[in-house]
Amino acid sequence: MTAQLITKSTQVNQAKLPNHVAVIMDGNGRWAKQRGLPRIEGHRRGANALKEILRYCKDLGIKTLTAYAFSTENWGRPTGEVSFLMSLFERLLQKELKEMEAEEVCINFIGDLTPLPPSLQQEMHHSMERTKHNQGVFFNVAINYGSRHEMIHACKAIAQKVQQGELSTDSINDQTISQHLYTSASPDPDLLIRTSGEMRLSNFMLWQLAYTEIYVTETLWPDFDNDQLDRAIVAFQQRDRRFGKVK
Ligand code: IPE
Ligand code: IPE
Ligand code: MG
């Protein structure tokens, strides 16, 4: 009887869910290579995986999901791969907007959107506008995102306010910085997941991840499913978050 009740999902403690989960979705290319497929096929499958994970986050009750989709460094990839990714993002936004609205998803893009193709920028602004009042799950997608660029952008905005007398240098604190980042609307992530076994941040949320629990899995992103997310959450729930203090 009790054995029957112990299912996979009961391992996740609903009372101790991370509020904000961030994911570095890595390994699409290797996933495709292992199957003798072009890299772009890995990106296509990776997008499906993200869609499922977003829905599962919402079902579990995780408030915010942030996904790293394209870094400021990813422009250095072959032109064909970059343009495929740009058109994939655009097609996905067109295709998924209705469902995001129905599922109460509030989508927000973080990163410098200005160098992106104008038609993609238009879809991005349109989807943010259409979903801005939704409260089901907050979904941040990092496109042309780089943490160092984000910090430079924040420094410039703060400096300008000081110059114009809106802010005094002495009053600059943690909150001032957080409020000038692209992620100002979200709390810092509780859990960062990186797939494909790489143990690095690759210029992702350097400020915001100061006290985030990090979970690295060998699983390649297109294979990252609900069961894998359960495992990451269970591992998170076993961590002792001390925040520099002694218990
Ligand atoms: C992550 O997968 C997706 C993006 C960076 C756009 P990769 O494309 O980096 O896959 P690998 O690391 O080459 O396997
Ligand atoms: C990080 O993955 C960026 C995204 C997932 C969008 P990369 O594949 O670009 O990172 P590196 O090159 O392995 O550090
Ligand atoms: Mg990679």
# chains A, B, ... in the order shown; residues from 1 in each chain; ligands from 1

call {"tool": "residues_near_ligand", "arguments": {"ligand": "ligand 3", "cutoff": "12 Å", "atoms": "only C-alpha atoms and all ligand atoms", "output": "ChimeraX atom specification"}}
result
/A:24-32,39,42-43,46,68-71,73-74,77,194-202,220-221

call {"tool": "select_by_dssp", "arguments": {"residues": "stretch 10-57 of chain A", "states": "strand (DSSP E)", "output": "ChimeraX atom specification"}}
result
/A:20-24

call {"tool": "write_last_selection", "arguments": {"atoms": "all heavy atoms", "output": "JSON list (two decimals), in the first residue's frame"}}
result
[["chain", "number", "residue", "atom", "x", "y", "z"],
["A", 20, "HIS", "N", 12.01, 30.36, -8.73],
["A", 20, "HIS", "CA", 12.51, 30.74, -10.05],
["A", 20, "HIS", "C", 13.57, 29.73, -10.50],
["A", 20, "HIS", "O", 14.58, 29.55, -9.83],
["A", 20, "HIS", "CB", 13.12, 32.16, -9.93],
["A", 20, "HIS", "CG", 13.66, 32.71, -11.22],
["A", 20, "HIS", "ND1", 14.16, 33.98, -11.31],
["A", 20, "HIS", "CD2", 13.80, 32.17, -12.46],
["A", 20, "HIS", "CE1", 14.58, 34.20, -12.55],
["A", 20, "HIS", "NE2", 14.37, 33.12, -13.27],
["A", 21, "VAL", "N", 13.32, 29.09, -11.63],
["A", 21, "VAL", "CA", 14.27, 28.13, -12.20],
["A", 21, "VAL", "C", 14.85, 28.74, -13.47],
["A", 21, "VAL", "O", 14.11, 29.27, -14.32],
["A", 21, "VAL", "CB", 13.58, 26.79, -12.53],
["A", 21, "VAL", "CG1", 14.53, 25.84, -13.25],
["A", 21, "VAL", "CG2", 13.04, 26.13, -11.26],
["A", 22, "ALA", "N", 16.18, 28.71, -13.60],
["A", 22, "ALA", "CA", 16.83, 29.19, -14.82],
["A", 22, "ALA", "C", 17.51, 28.00, -15.49],
["A", 22, "ALA", "O", 18.03, 27.11, -14.81],
["A", 22, "ALA", "CB", 17.86, 30.27, -14.48],
["A", 23, "VAL", "N", 17.47, 27.97, -16.83],
["A", 23, "VAL", "CA", 18.10, 26.85, -17.53],
["A", 23, "VAL", "C", 19.04, 27.32, -18.63],
["A", 23, "VAL", "O", 18.70, 28.20, -19.42],
["A", 23, "VAL", "CB", 17.07, 25.85, -18.17],
["A", 23, "VAL", "CG1", 16.40, 25.00, -17.10],
["A", 23, "VAL", "CG2", 16.01, 26.56, -18.99],
["A", 24, "ILE", "N", 20.24, 26.74, -18.64],
["A", 24, "ILE", "CA", 21.16, 26.92, -19.77],
["A", 24, "ILE", "C", 20.94, 25.69, -20.63],
["A", 24, "ILE", "O", 21.38, 24.58, -20.30],
["A", 24, "ILE", "CB", 22.63, 27.04, -19.30],
["A", 24, "ILE", "CG1", 22.80, 28.24, -18.35],
["A", 24, "ILE", "CG2", 23.56, 27.18, -20.52],
["A", 24, "ILE", "CD1", 24.21, 28.42, -17.79]]

call {"tool": "residues_around", "arguments": {"residues": "stretch 55-62 of chain A", "least_positions_apart": "6", "cutoff": "12 Å", "atoms": "only C-alpha atoms", "output": "number ranges by chain"}}
result
A: 9-10, 12-22, 48-49, 99-100, 102-106, 135-139, 189-191, 224-230, 233

call {"tool": "select_by_dssp", "arguments": {"residues": "stretch 36-219 of chain A", "states": "helix (DSSP H, G or I)", "output": "number ranges by chain"}}
result
A: 39-60, 72-76, 79-102, 118-131, 147-163, 169-171, 174-179

call {"tool": "residues_around", "arguments": {"residues": "stretch 244-246 of chain A", "least_positions_apart": "3", "cutoff": "12 Å", "atoms": "only C-alpha atoms", "output": "PDB file with all heavy atoms, in the first residue's frame"}}
result
ATOM      1  N   ALA A 210      24.226  34.861  -7.817  1.00  0.00           N
ATOM      2  CA  ALA A 210      25.157  34.930  -6.682  1.00  0.00           C
ATOM      3  C   ALA A 210      24.917  33.822  -5.645  1.00  0.00           C
ATOM      4  O   ALA A 210      25.865  33.230  -5.138  1.00  0.00           O
ATOM      5  CB  ALA A 210      25.084  36.309  -6.024  1.00  0.00           C
ATOM      6  N   TYR A 211      23.655  33.540  -5.322  1.00  0.00           N
ATOM      7  CA  TYR A 211      23.360  32.505  -4.324  1.00  0.00           C
ATOM      8  C   TYR A 211      22.426  31.411  -4.848  1.00  0.00           C
ATOM      9  O   TYR A 211      21.739  30.740  -4.082  1.00  0.00           O
ATOM     10  CB  TYR A 211      22.828  33.142  -3.029  1.00  0.00           C
ATOM     11  CG  TYR A 211      23.979  33.375  -2.073  1.00  0.00           C
ATOM     12  CD1 TYR A 211      24.540  34.633  -1.918  1.00  0.00           C
ATOM     13  CD2 TYR A 211      24.549  32.301  -1.392  1.00  0.00           C
ATOM     14  CE1 TYR A 211      25.624  34.829  -1.082  1.00  0.00           C
ATOM     15  CE2 TYR A 211      25.636  32.483  -0.560  1.00  0.00           C
ATOM     16  CZ  TYR A 211      26.167  33.743  -0.405  1.00  0.00           C
ATOM     17  OH  TYR A 211      27.251  33.925   0.412  1.00  0.00           O
ATOM     18  N   ASP A 240      21.458  22.492   1.362  1.00  0.00           N
ATOM     19  CA  ASP A 240      21.371  23.322   2.565  1.00  0.00           C
ATOM     20  C   ASP A 240      21.801  24.737   2.152  1.00  0.00           C
ATOM     21  O   ASP A 240      22.978  24.983   1.944  1.00  0.00           O
ATOM     22  CB  ASP A 240      22.312  22.738   3.632  1.00  0.00           C
ATOM     23  CG  ASP A 240      22.279  23.523   4.925  1.00  0.00           C
ATOM     24  OD1 ASP A 240      21.348  24.344   5.092  1.00  0.00           O
ATOM     25  OD2 ASP A 240      23.181  23.320   5.748  1.00  0.00           O
ATOM     26  N   ARG A 241      20.849  25.623   1.978  1.00  0.00           N
ATOM     27  CA  ARG A 241      21.175  26.983   1.516  1.00  0.00           C
ATOM     28  C   ARG A 241      21.510  27.849   2.720  1.00  0.00           C
ATOM     29  O   ARG A 241      20.640  28.266   3.462  1.00  0.00           O
ATOM     30  CB  ARG A 241      19.999  27.576   0.736  1.00  0.00           C
ATOM     31  CG  ARG A 241      19.660  26.782  -0.495  1.00  0.00           C
ATOM     32  CD  ARG A 241      18.573  27.451  -1.293  1.00  0.00           C
ATOM     33  NE  ARG A 241      19.088  28.518  -2.156  1.00  0.00           N
ATOM     34  CZ  ARG A 241      18.302  29.327  -2.869  1.00  0.00           C
ATOM     35  NH1 ARG A 241      16.992  29.217  -2.791  1.00  0.00           N
ATOM     36  NH2 ARG A 241      18.838  30.255  -3.638  1.00  0.00           N
TER      37      ARG A 241
END

call {"tool": "closest_residue", "arguments": {"among": "A:Gln121, A:Ser87, A:Gln208, A:Asn203", "to": "ligand 2", "atoms": "only C-alpha atoms and all ligand atoms"}}
result
A:Asn203

call {"tool": "residues_around", "arguments": {"residues": "A:Met124", "least_positions_apart": "6", "cutoff": "10 Å", "atoms": "only C-alpha atoms", "output": "list of chain:residue names"}}
result
A:Phe89, A:Glu90, A:Leu93, A:Gln94, A:Ile107, A:Asn108, A:Phe109, A:Leu113, A:Pro118, A:Arg130

call {"tool": "write_last_selection", "arguments": {"atoms": "N, CA, C and O atoms", "output": "CSV table (one decimal), in the first residue's frame"}}
result
chain,number,residue,atom,x,y,z
A,89,PHE,N,13.0,31.1,-33.8
A,89,PHE,CA,12.4,31.9,-32.7
A,89,PHE,C,11.1,32.6,-33.2
A,89,PHE,O,10.1,32.6,-32.6
A,90,GLU,N,11.2,33.2,-34.4
A,90,GLU,CA,10.1,33.9,-35.0
A,90,GLU,C,8.9,33.0,-35.3
A,90,GLU,O,7.8,33.3,-34.9
A,93,LEU,N,7.2,31.9,-32.0
A,93,LEU,CA,6.4,33.0,-31.4
A,93,LEU,C,5.0,33.1,-32.1
A,93,LEU,O,4.0,33.2,-31.4
A,94,GLN,N,5.1,33.0,-33.4
A,94,GLN,CA,3.8,33.1,-34.2
A,94,GLN,C,2.9,31.9,-33.9
A,94,GLN,O,1.7,32.0,-33.6
A,107,ILE,N,5.2,36.2,-21.1
A,107,ILE,CA,6.5,36.1,-21.7
A,107,ILE,C,7.3,37.4,-21.7
A,107,ILE,O,6.7,38.5,-21.9
A,108,ASN,N,8.5,37.3,-21.5
A,108,ASN,CA,9.4,38.5,-21.4
A,108,ASN,C,10.7,38.2,-22.0
A,108,ASN,O,11.3,37.1,-21.8
A,109,PHE,N,11.3,39.0,-22.8
A,109,PHE,CA,12.6,38.8,-23.4
A,109,PHE,C,13.6,39.6,-22.7
A,109,PHE,O,13.4,40.7,-22.4
A,113,LEU,N,17.7,43.5,-27.7
A,113,LEU,CA,16.9,43.0,-28.8
A,113,LEU,C,17.2,43.8,-30.1
A,113,LEU,O,16.9,43.3,-31.2
A,118,PRO,N,14.3,42.8,-37.7
A,118,PRO,CA,13.2,43.6,-37.3
A,118,PRO,C,11.9,42.8,-37.2
A,118,PRO,O,11.1,43.0,-36.3
A,130,ARG,N,0.9,41.1,-25.6
A,130,ARG,CA,-0.3,40.3,-25.5
A,130,ARG,C,-0.4,39.5,-24.2
A,130,ARG,O,-1.5,39.1,-23.8
